[in-house]
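One file, target.cif, is given below (mmCIF, C-alpha atoms).
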data_structure
loop_
_atom_site.group_PDB
_atom_site.id
_atom_site.type_symbol
_atom_site.label_atom_id
_atom_site.label_comp_id
_atom_site.auth_asym_id
_atom_site.auth_seq_id
_atom_site.Cartn_x
_atom_site.Cartn_y
_atom_site.Cartn_z
ATOM 1 C CA MET A 1 0.000 0.000 0.000
ATOM 2 C CA SER A 2 1.132 3.514 -0.676
ATOM 3 C CA PHE A 3 -0.939 6.638 -0.406
ATOM 4 C CA PRO A 4 -2.096 8.713 -3.378
ATOM 5 C CA ALA A 5 0.199 11.572 -4.373
ATOM 6 C CA ARG A 6 -0.703 15.121 -3.431
ATOM 7 C CA THR A 7 -2.407 16.970 -6.278
ATOM 8 C CA THR A 8 -3.971 20.435 -6.422
ATOM 9 C CA SER A 9 -5.013 22.538 -3.471
ATOM 10 C CA ALA A 10 -8.682 22.351 -4.553
ATOM 11 C CA GLU A 11 -8.534 18.567 -4.826
ATOM 12 C CA ILE A 12 -6.740 18.213 -1.497
ATOM 13 C CA GLU A 13 -9.169 20.505 0.335
ATOM 14 C CA LEU A 14 -12.483 19.649 -1.269
ATOM 15 C CA GLY A 15 -11.878 16.402 -3.131
ATOM 16 C CA LYS A 16 -12.674 12.862 -2.192
ATOM 17 C CA THR A 17 -9.276 11.212 -2.362
ATOM 18 C CA PHE A 18 -7.150 10.685 0.715
ATOM 19 C CA GLN A 19 -3.798 12.362 0.019
ATOM 20 C CA PRO A 20 -2.111 12.610 3.394
ATOM 21 C CA LYS A 21 0.838 14.952 3.714
ATOM 22 C CA PHE A 22 3.840 13.648 5.587
ATOM 23 C CA GLY A 23 6.149 16.450 6.682
ATOM 24 C CA SER A 24 9.816 16.843 5.825
ATOM 25 C CA ASP A 25 10.502 14.508 8.763
ATOM 26 C CA GLY A 26 8.231 11.879 7.192
ATOM 27 C CA LEU A 27 5.579 12.275 9.880
ATOM 28 C CA ILE A 28 1.938 13.305 10.053
ATOM 29 C CA PRO A 29 0.331 14.429 13.335
ATOM 30 C CA CYS A 30 -2.440 12.208 14.671
ATOM 31 C CA ILE A 31 -5.140 13.185 17.172
ATOM 32 C CA THR A 32 -6.748 10.233 18.933
ATOM 33 C CA GLN A 33 -10.260 10.564 20.256
ATOM 34 C CA ASP A 34 -12.417 8.156 22.221
ATOM 35 C CA ALA A 35 -15.008 6.911 19.730
ATOM 36 C CA THR A 36 -17.784 6.927 22.294
ATOM 37 C CA THR A 37 -17.228 10.026 24.399
ATOM 38 C CA GLY A 38 -15.222 12.246 22.056
ATOM 39 C CA GLN A 39 -12.584 12.773 24.738
ATOM 40 C CA VAL A 40 -9.176 13.490 23.238
ATOM 41 C CA LEU A 41 -7.011 10.652 24.516
ATOM 42 C CA MET A 42 -3.610 11.459 23.096
ATOM 43 C CA PHE A 43 -1.588 13.032 20.334
ATOM 44 C CA ALA A 44 1.260 11.388 18.451
ATOM 45 C CA PHE A 45 2.836 11.098 15.034
ATOM 46 C CA MET A 46 2.636 8.500 12.274
ATOM 47 C CA ASN A 47 4.895 7.770 9.351
ATOM 48 C CA THR A 48 3.615 6.054 6.200
ATOM 49 C CA GLU A 49 4.268 2.602 7.607
ATOM 50 C CA SER A 50 2.414 3.264 10.849
ATOM 51 C CA LEU A 51 -0.547 4.779 9.035
ATOM 52 C CA GLU A 52 -0.641 1.785 6.702
ATOM 53 C CA LEU A 53 -0.468 -0.619 9.645
ATOM 54 C CA THR A 54 -3.143 1.314 11.512
ATOM 55 C CA LEU A 55 -5.519 0.867 8.587
ATOM 56 C CA LYS A 56 -4.560 -2.749 7.949
ATOM 57 C CA THR A 57 -4.622 -4.031 11.520
ATOM 58 C CA ARG A 58 -7.138 -1.520 12.969
ATOM 59 C CA LYS A 59 -4.771 -1.158 15.915
ATOM 60 C CA ALA A 60 -3.524 2.403 16.346
ATOM 61 C CA THR A 61 0.152 2.352 15.405
ATOM 62 C CA TYR A 62 2.313 5.410 15.815
ATOM 63 C CA TRP A 63 5.904 6.398 15.212
ATOM 64 C CA SER A 64 7.746 6.983 18.458
ATOM 65 C CA ARG A 65 10.075 9.935 18.026
ATOM 66 C CA SER A 66 11.761 9.309 21.374
ATOM 67 C CA ARG A 67 12.419 5.630 20.678
ATOM 68 C CA ASN A 68 12.745 6.098 16.919
ATOM 69 C CA LYS A 69 10.632 3.056 16.108
ATOM 70 C CA LEU A 70 7.169 1.865 15.227
ATOM 71 C CA TRP A 71 4.905 1.888 18.223
ATOM 72 C CA VAL A 72 1.890 -0.378 18.296
ATOM 73 C CA LYS A 73 -0.061 1.361 21.033
ATOM 74 C CA GLY A 74 -0.608 -1.032 23.925
ATOM 75 C CA GLU A 75 1.861 -3.684 22.807
ATOM 76 C CA GLU A 76 3.521 -3.537 26.221
ATOM 77 C CA SER A 77 0.683 -2.377 28.449
ATOM 78 C CA GLY A 78 -2.226 -4.114 26.755
ATOM 79 C CA ASN A 79 -3.925 -0.755 26.302
ATOM 80 C CA VAL A 80 -4.571 -1.353 22.616
ATOM 81 C CA GLN A 81 -6.656 1.136 20.635
ATOM 82 C CA ILE A 82 -9.062 -0.285 18.076
ATOM 83 C CA VAL A 83 -9.605 2.204 15.288
ATOM 84 C CA LYS A 84 -13.236 2.742 14.327
ATOM 85 C CA GLU A 85 -12.924 5.756 12.039
ATOM 86 C CA LEU A 86 -10.251 7.946 10.468
ATOM 87 C CA TYR A 87 -10.704 11.568 9.417
ATOM 88 C CA THR A 88 -8.430 14.097 7.811
ATOM 89 C CA ASP A 89 -8.494 17.882 7.888
ATOM 90 C CA CYS A 90 -8.918 20.461 5.139
ATOM 91 C CA ASP A 91 -5.342 20.420 3.906
ATOM 92 C CA GLN A 92 -4.832 16.764 4.759
ATOM 93 C CA ASP A 93 -1.751 17.252 6.879
ATOM 94 C CA VAL A 94 -3.306 15.839 10.052
ATOM 95 C CA VAL A 95 -5.302 12.703 10.780
ATOM 96 C CA LEU A 96 -7.834 12.146 13.523
ATOM 97 C CA ILE A 97 -8.743 8.645 14.631
ATOM 98 C CA LYS A 98 -11.675 7.589 16.757
ATOM 99 C CA VAL A 99 -10.848 4.541 18.814
ATOM 100 C CA ASP A 100 -12.143 2.094 21.348
ATOM 101 C CA GLN A 101 -9.582 2.187 24.138
ATOM 102 C CA ASN A 102 -8.985 -1.382 25.323
ATOM 103 C CA GLY A 103 -6.945 -2.717 28.216
ATOM 104 C CA ALA A 104 -7.497 -3.635 31.811
ATOM 105 C CA ALA A 105 -8.041 -0.055 32.926
ATOM 106 C CA ASN A 106 -9.144 1.418 29.580
ATOM 107 C CA ALA A 107 -6.446 4.022 30.048
ATOM 108 C CA SER A 108 -4.517 5.484 27.132
ATOM 109 C CA CYS A 109 -1.786 7.264 29.080
ATOM 110 C CA HIS A 110 1.279 5.456 30.398
ATOM 111 C CA ASN A 111 0.866 7.505 33.568
ATOM 112 C CA GLY A 112 -2.355 5.667 34.345
ATOM 113 C CA TYR A 113 -4.940 8.156 33.133
ATOM 114 C CA LYS A 114 -7.706 7.696 30.598
ATOM 115 C CA SER A 115 -6.361 10.598 28.558
ATOM 116 C CA CYS A 116 -2.897 12.133 28.388
ATOM 117 C CA PHE A 117 -4.583 15.508 28.891
ATOM 118 C CA TYR A 118 -5.117 15.063 32.619
ATOM 119 C CA ARG A 119 -3.958 18.534 33.666
ATOM 120 C CA LYS A 120 -5.596 21.880 33.092
ATOM 121 C CA LEU A 121 -3.977 25.290 33.349
ATOM 122 C CA ALA A 122 -5.711 26.625 36.455
ATOM 123 C CA ASP A 123 -3.463 29.431 37.660
ATOM 124 C CA GLU A 124 -2.207 31.411 34.696
ATOM 125 C CA GLN A 125 -0.255 33.932 36.723
ATOM 126 C CA ASN A 126 1.883 31.198 38.241
ATOM 127 C CA PHE A 127 1.568 28.626 35.446
ATOM 128 C CA GLY A 128 -0.138 26.254 37.839
ATOM 129 C CA LEU A 129 -1.652 23.027 36.525
ATOM 130 C CA GLU A 130 -4.568 21.281 38.155
ATOM 131 C CA LEU A 131 -5.061 17.524 38.001
ATOM 132 C CA VAL A 132 -8.514 16.928 36.535
ATOM 133 C CA ALA A 133 -8.604 13.146 36.131
ATOM 134 C CA GLU A 134 -8.654 10.032 38.203
ATOM 135 C CA ARG A 135 -5.778 7.585 38.026
ATOM 136 C CA LEU A 136 -6.968 4.245 36.663
ATOM 137 C CA PHE A 137 -3.833 2.185 37.202
ATOM 138 C CA ASP A 138 -0.473 2.447 38.885
ATOM 139 C CA PRO A 139 2.208 2.600 36.177
ATOM 140 C CA ALA A 140 4.658 0.737 38.425
ATOM 141 C CA THR A 141 2.520 -2.391 38.171
ATOM 142 C CA VAL A 142 2.316 -2.264 34.389
ATOM 143 C CA TYR A 143 5.655 -1.000 33.169
ATOM 144 C CA LYS A 144 8.339 -3.069 34.741
ATOM 145 C CA LYS A 145 11.724 -1.477 35.090
ATOM 146 C CA LYS A 146 14.263 -2.938 32.721
ATOM 147 C CA MET B 1 5.509 36.643 30.187
ATOM 148 C CA SER B 2 7.740 33.710 29.510
ATOM 149 C CA PHE B 3 7.028 30.098 30.319
ATOM 150 C CA PRO B 4 8.772 28.124 33.057
ATOM 151 C CA ALA B 5 11.838 26.185 31.961
ATOM 152 C CA ARG B 6 11.618 22.450 31.463
ATOM 153 C CA THR B 7 12.847 20.521 34.480
ATOM 154 C CA THR B 8 12.856 16.790 35.225
ATOM 155 C CA SER B 9 10.795 14.160 33.493
ATOM 156 C CA ALA B 10 8.915 13.412 36.729
ATOM 157 C CA GLU B 11 8.103 17.071 37.267
ATOM 158 C CA ILE B 12 7.040 17.543 33.661
ATOM 159 C CA GLU B 13 4.819 14.463 33.639
ATOM 160 C CA LEU B 14 3.336 14.515 37.111
ATOM 161 C CA GLY B 15 4.030 17.981 38.469
ATOM 162 C CA LYS B 16 1.833 21.012 38.697
ATOM 163 C CA THR B 17 3.826 23.578 36.753
ATOM 164 C CA PHE B 18 3.135 24.331 33.128
ATOM 165 C CA GLN B 19 6.401 23.779 31.246
ATOM 166 C CA PRO B 20 5.425 23.651 27.585
ATOM 167 C CA LYS B 21 7.942 22.247 25.144
ATOM 168 C CA PHE B 22 8.415 24.151 21.926
ATOM 169 C CA GLY B 23 10.092 22.037 19.258
ATOM 170 C CA SER B 24 13.322 22.800 17.446
ATOM 171 C CA ASP B 25 11.188 24.891 15.067
ATOM 172 C CA GLY B 26 9.890 26.907 18.027
ATOM 173 C CA LEU B 27 6.394 25.471 17.734
ATOM 174 C CA ILE B 28 4.051 23.430 19.888
ATOM 175 C CA PRO B 29 1.093 21.530 18.393
ATOM 176 C CA CYS B 30 -2.362 22.688 19.481
ATOM 177 C CA ILE B 31 -5.599 20.706 19.299
ATOM 178 C CA THR B 32 -8.721 22.846 19.374
ATOM 179 C CA GLN B 33 -11.941 21.370 20.666
ATOM 180 C CA ASP B 34 -15.432 22.824 20.890
ATOM 181 C CA ALA B 35 -15.955 23.549 24.602
ATOM 182 C CA THR B 36 -19.564 22.430 24.526
ATOM 183 C CA THR B 37 -19.669 19.417 22.224
ATOM 184 C CA GLY B 38 -16.085 18.157 22.404
ATOM 185 C CA GLN B 39 -15.870 18.094 18.611
ATOM 186 C CA VAL B 40 -12.297 18.567 17.407
ATOM 187 C CA LEU B 41 -12.466 21.744 15.358
ATOM 188 C CA MET B 42 -8.940 22.108 14.072
ATOM 189 C CA PHE B 43 -5.261 21.513 14.620
ATOM 190 C CA ALA B 44 -2.521 24.106 14.317
ATOM 191 C CA PHE B 45 0.761 25.219 15.852
ATOM 192 C CA MET B 46 1.675 27.944 18.328
ATOM 193 C CA ASN B 47 4.959 29.626 19.094
ATOM 194 C CA THR B 48 5.648 31.234 22.460
ATOM 195 C CA GLU B 49 4.187 34.547 21.381
ATOM 196 C CA SER B 50 0.952 33.020 20.104
ATOM 197 C CA LEU B 51 0.528 30.933 23.244
ATOM 198 C CA GLU B 52 1.142 34.013 25.378
ATOM 199 C CA LEU B 53 -1.383 36.019 23.353
ATOM 200 C CA THR B 54 -3.900 33.201 23.512
ATOM 201 C CA LEU B 55 -3.749 33.267 27.303
ATOM 202 C CA LYS B 56 -3.717 37.042 27.545
ATOM 203 C CA THR B 57 -6.489 37.845 25.068
ATOM 204 C CA ARG B 58 -8.464 34.587 25.365
ATOM 205 C CA LYS B 59 -8.649 34.582 21.576
ATOM 206 C CA ALA B 60 -7.028 31.509 20.039
ATOM 207 C CA THR B 61 -3.877 32.725 18.324
ATOM 208 C CA TYR B 62 -1.756 30.378 16.255
ATOM 209 C CA TRP B 63 1.405 30.540 14.208
ATOM 210 C CA SER B 64 0.715 30.146 10.520
ATOM 211 C CA ARG B 65 3.451 28.060 8.978
ATOM 212 C CA SER B 66 2.252 28.778 5.437
ATOM 213 C CA ARG B 67 2.104 32.544 5.925
ATOM 214 C CA ASN B 68 4.948 32.605 8.441
ATOM 215 C CA LYS B 69 3.153 34.970 10.789
ATOM 216 C CA LEU B 70 0.967 35.221 13.869
ATOM 217 C CA TRP B 71 -2.580 34.217 13.124
ATOM 218 C CA VAL B 72 -5.370 35.491 15.337
ATOM 219 C CA LYS B 73 -8.023 32.976 14.386
ATOM 220 C CA GLY B 74 -11.001 34.763 12.852
ATOM 221 C CA GLU B 75 -9.320 38.121 12.357
ATOM 222 C CA GLU B 76 -10.386 38.087 8.700
ATOM 223 C CA SER B 77 -13.482 35.911 8.797
ATOM 224 C CA GLY B 78 -14.892 36.928 12.159
ATOM 225 C CA ASN B 79 -14.786 33.282 13.254
ATOM 226 C CA VAL B 80 -12.970 34.069 16.476
ATOM 227 C CA GLN B 81 -12.388 31.326 19.053
ATOM 228 C CA ILE B 82 -12.800 32.298 22.709
ATOM 229 C CA VAL B 83 -10.611 30.073 24.861
ATOM 230 C CA LYS B 84 -12.354 28.626 27.915
ATOM 231 C CA GLU B 85 -9.746 26.099 29.077
ATOM 232 C CA LEU B 86 -6.236 24.959 28.241
ATOM 233 C CA TYR B 87 -4.813 21.495 28.906
ATOM 234 C CA THR B 88 -1.447 19.930 28.308
ATOM 235 C CA ASP B 89 -0.448 16.303 27.859
ATOM 236 C CA CYS B 90 1.806 14.038 29.892
ATOM 237 C CA ASP B 91 5.097 15.240 28.446
ATOM 238 C CA GLN B 92 3.826 18.768 27.907
ATOM 239 C CA ASP B 93 4.718 18.944 24.240
ATOM 240 C CA VAL B 94 1.130 19.489 23.065
ATOM 241 C CA VAL B 95 -1.631 21.815 24.206
ATOM 242 C CA LEU B 96 -5.362 21.333 23.897
ATOM 243 C CA ILE B 97 -7.730 24.275 24.071
ATOM 244 C CA LYS B 98 -11.472 24.200 24.541
ATOM 245 C CA VAL B 99 -13.131 27.108 22.806
ATOM 246 C CA ASP B 100 -16.409 28.779 22.030
ATOM 247 C CA GLN B 101 -16.439 29.100 18.274
ATOM 248 C CA ASN B 102 -17.840 32.537 17.383
ATOM 249 C CA GLY B 103 -18.705 34.079 14.034
ATOM 250 C CA ALA B 104 -21.742 34.391 11.805
ATOM 251 C CA ALA B 105 -21.808 30.703 10.945
ATOM 252 C CA ASN B 106 -19.952 29.366 13.987
ATOM 253 C CA ALA B 107 -17.624 27.603 11.596
ATOM 254 C CA SER B 108 -13.942 27.080 12.335
ATOM 255 C CA CYS B 109 -12.818 25.963 8.876
ATOM 256 C CA HIS B 110 -12.085 28.419 6.069
ATOM 257 C CA ASN B 111 -13.874 26.004 3.750
ATOM 258 C CA GLY B 112 -17.152 26.723 5.505
ATOM 259 C CA TYR B 113 -17.428 23.755 7.844
ATOM 260 C CA LYS B 114 -17.813 23.687 11.600
ATOM 261 C CA SER B 115 -14.694 21.522 11.911
ATOM 262 C CA CYS B 116 -11.739 21.085 9.569
ATOM 263 C CA PHE B 117 -12.279 17.337 9.943
ATOM 264 C CA TYR B 118 -15.232 17.179 7.570
ATOM 265 C CA ARG B 119 -14.099 14.106 5.650
ATOM 266 C CA LYS B 120 -13.906 10.507 6.777
ATOM 267 C CA LEU B 121 -11.966 7.705 5.132
ATOM 268 C CA ALA B 122 -14.836 5.598 3.816
ATOM 269 C CA ASP B 123 -13.265 3.438 1.091
ATOM 270 C CA GLU B 124 -9.887 2.241 2.273
ATOM 271 C CA GLN B 125 -9.125 0.177 -0.814
ATOM 272 C CA ASN B 126 -9.410 3.228 -3.037
ATOM 273 C CA PHE B 127 -8.532 5.890 -0.455
ATOM 274 C CA GLY B 128 -11.982 7.405 -0.841
ATOM 275 C CA LEU B 129 -13.091 10.176 1.497
ATOM 276 C CA GLU B 130 -16.702 10.817 2.401
ATOM 277 C CA LEU B 131 -18.020 14.279 3.255
ATOM 278 C CA VAL B 132 -19.623 14.009 6.676
ATOM 279 C CA ALA B 133 -20.512 17.625 7.473
ATOM 280 C CA GLU B 134 -22.802 20.344 6.312
ATOM 281 C CA ARG B 135 -21.396 23.518 4.819
ATOM 282 C CA LEU B 136 -22.282 26.501 6.995
ATOM 283 C CA PHE B 137 -21.070 29.302 4.740
ATOM 284 C CA ASP B 138 -19.753 29.826 1.257
ATOM 285 C CA PRO B 139 -16.054 30.759 1.504
ATOM 286 C CA ALA B 140 -16.355 32.967 -1.585
ATOM 287 C CA THR B 141 -18.574 35.373 0.320
ATOM 288 C CA VAL B 142 -16.220 35.606 3.288
ATOM 289 C CA TYR B 143 -12.727 35.514 1.852
ATOM 290 C CA LYS B 144 -12.507 38.083 -0.890
ATOM 291 C CA LYS B 145 -9.908 37.440 -3.516
ATOM 292 C CA LYS B 146 -7.040 39.873 -3.293
#

Mind converting the file's structure to structure tokens?
Amino acid sequence: MSFPARTTSAEIELGKTFQPKFGSDGLIPCITQDATTGQVLMFAFMNTESLELTLKTRKATYWSRSRNKLWVKGEESGNVQIVKELYTDCDQDVVLIKVDQNGAANASCHNGYKSCFYRKLADEQNFGLELVAERLFDPATVYKKK
Amino acid sequence: MSFPARTTSAEIELGKTFQPKFGSDGLIPCITQDATTGQVLMFAFMNTESLELTLKTRKATYWSRSRNKLWVKGEESGNVQIVKELYTDCDQDVVLIKVDQNGAANASCHNGYKSCFYRKLADEQNFGLELVAERLFDPATVYKKK
């Protein structure tokens, strides 16, 4: 599988062919939303291979920039994300996936929260964050130290 | 205003101080969600100045990579976004804002749709996109050709 080439601006923005744009680093941003609640669970990047695998296997597969490798979400923790739908934006340089978050605790974040966005800016003068989510698992029991 | 410096991984991930990470290009990704419905409206980037202005003015202000300038969302179209809340993710290299989408048509996308994510991948074999949203305004009446 390889994705269709980028064509004209009109076709990219208003057409009906998926022509994803991978940046100069080979990556496209991906927003991951809970398919049921709409909660934004996480944000990561995909390269062509991870986007292809995501579509083929229906398991959200990202490109880990820190580890510099393919990252099948949940392969270590069991917190697999089953992809129900994929959207793209007007200029097709972002994808949005709606997923069913699986796993013992149904958490997407390695820190034990449902969503990675578990802190809200509450005190702007002092840049204070407020924890706004409940911890669903203790990371120490899931990610064993190597 | 300048943002607190990045400290330790533990403090960044589990602490209560906002320490946003701007990439080597000076930008941080921003996901914009409708504060009421949770619909993802758009995705863009911010530099320090646009994040500062967003917090100060409460109007979502991005950095336009294509125009290489600050971009107060809605300054031309009137489709201003009033920021109600700001979140960050576990490693604080993304922000998520929840906004009230203003403007005549309450649309966030310059193509006339509520959300930029108005197309869904419907035919994976042929990379076919399906339009899944209603057009709220005709761009030709809002963006005059220069």

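Put simply, the PyMOL selection byres ((chain A and resi 41) around 6) in this file takes in Thr32, Gln33, Gln39, Val40, Met42, Ser115 and Cys116 of chain A.
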
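Considering all atoms listed in the file, the residue among B:Arg6, B:Lys21, B:Lys56, B:Lys16 positioned nearest to chain A is B:Lys16.
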
- Task: Kindly give the distance, in Å, that separates CA of Thr54 in chain A and CA of Lys114 in chain A, rounded to a single decimal.
- Result: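 CA of Lys114 in chain A lies 20.6 Å from CA of Thr54 in chain A.
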
- Selected residue, from B:Glu52, B:Lys98, B:Tyr87, B:Ser108, that lies nearest to Lys73 in chain B when counting all atoms listed in the file: B:Ser108

Within 10 Å of chain B, which residues of chain A come that close, and what is the closest atom pair and distance in Å for each? Count all atoms listed in the file and give it as a tab-separated table.
residue	atom	partner	partner_atom	distance
A:Met1	CA	B:Gln125	CA	9.2
A:Ser2	CA	B:Phe127	CA	10.0
A:Phe3	CA	B:Phe127	CA	7.6
A:Pro4	CA	B:Phe127	CA	7.6
A:Glu13	CA	B:Asn111	CA	8.0
A:Leu14	CA	B:Asn111	CA	8.2
A:Gly15	CA	B:Leu129	CA	7.9
A:Lys16	CA	B:Leu129	CA	4.6
A:Thr17	CA	B:Gly128	CA	4.9
A:Phe18	CA	B:Phe127	CA	5.1
A:Gln19	CA	B:Phe127	CA	8.0
A:Pro29	CA	B:Pro29	CA	8.8
A:Cys30	CA	B:Phe43	CA	9.7
A:Ile31	CA	B:Ile31	CA	7.8
A:Gln33	CA	B:Val40	CA	8.7
A:Thr37	CA	B:Gly38	CA	8.4
A:Gly38	CA	B:Gly38	CA	6.0
A:Gln39	CA	B:Gly38	CA	6.8
A:Val40	CA	B:Val40	CA	8.3
A:Leu41	CA	B:Asp89	CA	9.3
A:Met42	CA	B:Asp89	CA	7.5
A:Phe43	CA	B:Val94	CA	7.5
A:Ala44	CA	B:Val94	CA	9.3
A:Leu55	CA	B:Glu124	CA	7.8
A:Lys56	CA	B:Glu124	CA	9.2
A:Glu85	CA	B:Lys120	CA	7.2
A:Leu86	CA	B:Leu121	CA	5.6
A:Tyr87	CA	B:Lys120	CA	4.3
A:Thr88	CA	B:Phe117	CA	5.5
A:Asp89	CA	B:Phe117	CA	4.3
A:Cys90	CA	B:Cys116	CA	5.3
A:Asp91	CA	B:Cys116	CA	8.6
A:Gln92	CA	B:Phe117	CA	9.1
A:Asp93	CA	B:Phe43	CA	9.5
A:Val94	CA	B:Phe43	CA	7.5
A:Val95	CA	B:Phe117	CA	8.4
A:Leu96	CA	B:Phe117	CA	7.7
A:Ile97	CA	B:Lys120	CA	9.6
A:Cys109	CA	B:Cys90	CA	7.7
A:His110	CA	B:Cys90	CA	8.6
A:Asn111	CA	B:Cys90	CA	7.6
A:Tyr113	CA	B:Cys90	CA	9.5
A:Ser115	CA	B:Asp89	CA	8.2
A:Cys116	CA	B:Asp89	CA	4.9
A:Phe117	CA	B:Asp89	CA	4.3
A:Tyr118	CA	B:Asp89	CA	6.8
A:Arg119	CA	B:Tyr87	CA	5.7
A:Lys120	CA	B:Tyr87	CA	4.3
A:Leu121	CA	B:Leu86	CA	5.6
A:Ala122	CA	B:Leu86	CA	8.4
A:Asp123	CA	B:Thr17	CA	9.4
A:Glu124	CA	B:Leu55	CA	7.8
A:Gln125	CA	B:Met1	CA	9.1
A:Asn126	CA	B:Thr17	CA	8.0
A:Phe127	CA	B:Phe18	CA	5.1
A:Gly128	CA	B:Thr17	CA	4.9
A:Leu129	CA	B:Lys16	CA	4.6
A:Glu130	CA	B:Lys16	CA	6.4
A:Leu131	CA	B:Lys16	CA	7.8
A:Val132	CA	B:Tyr87	CA	9.6
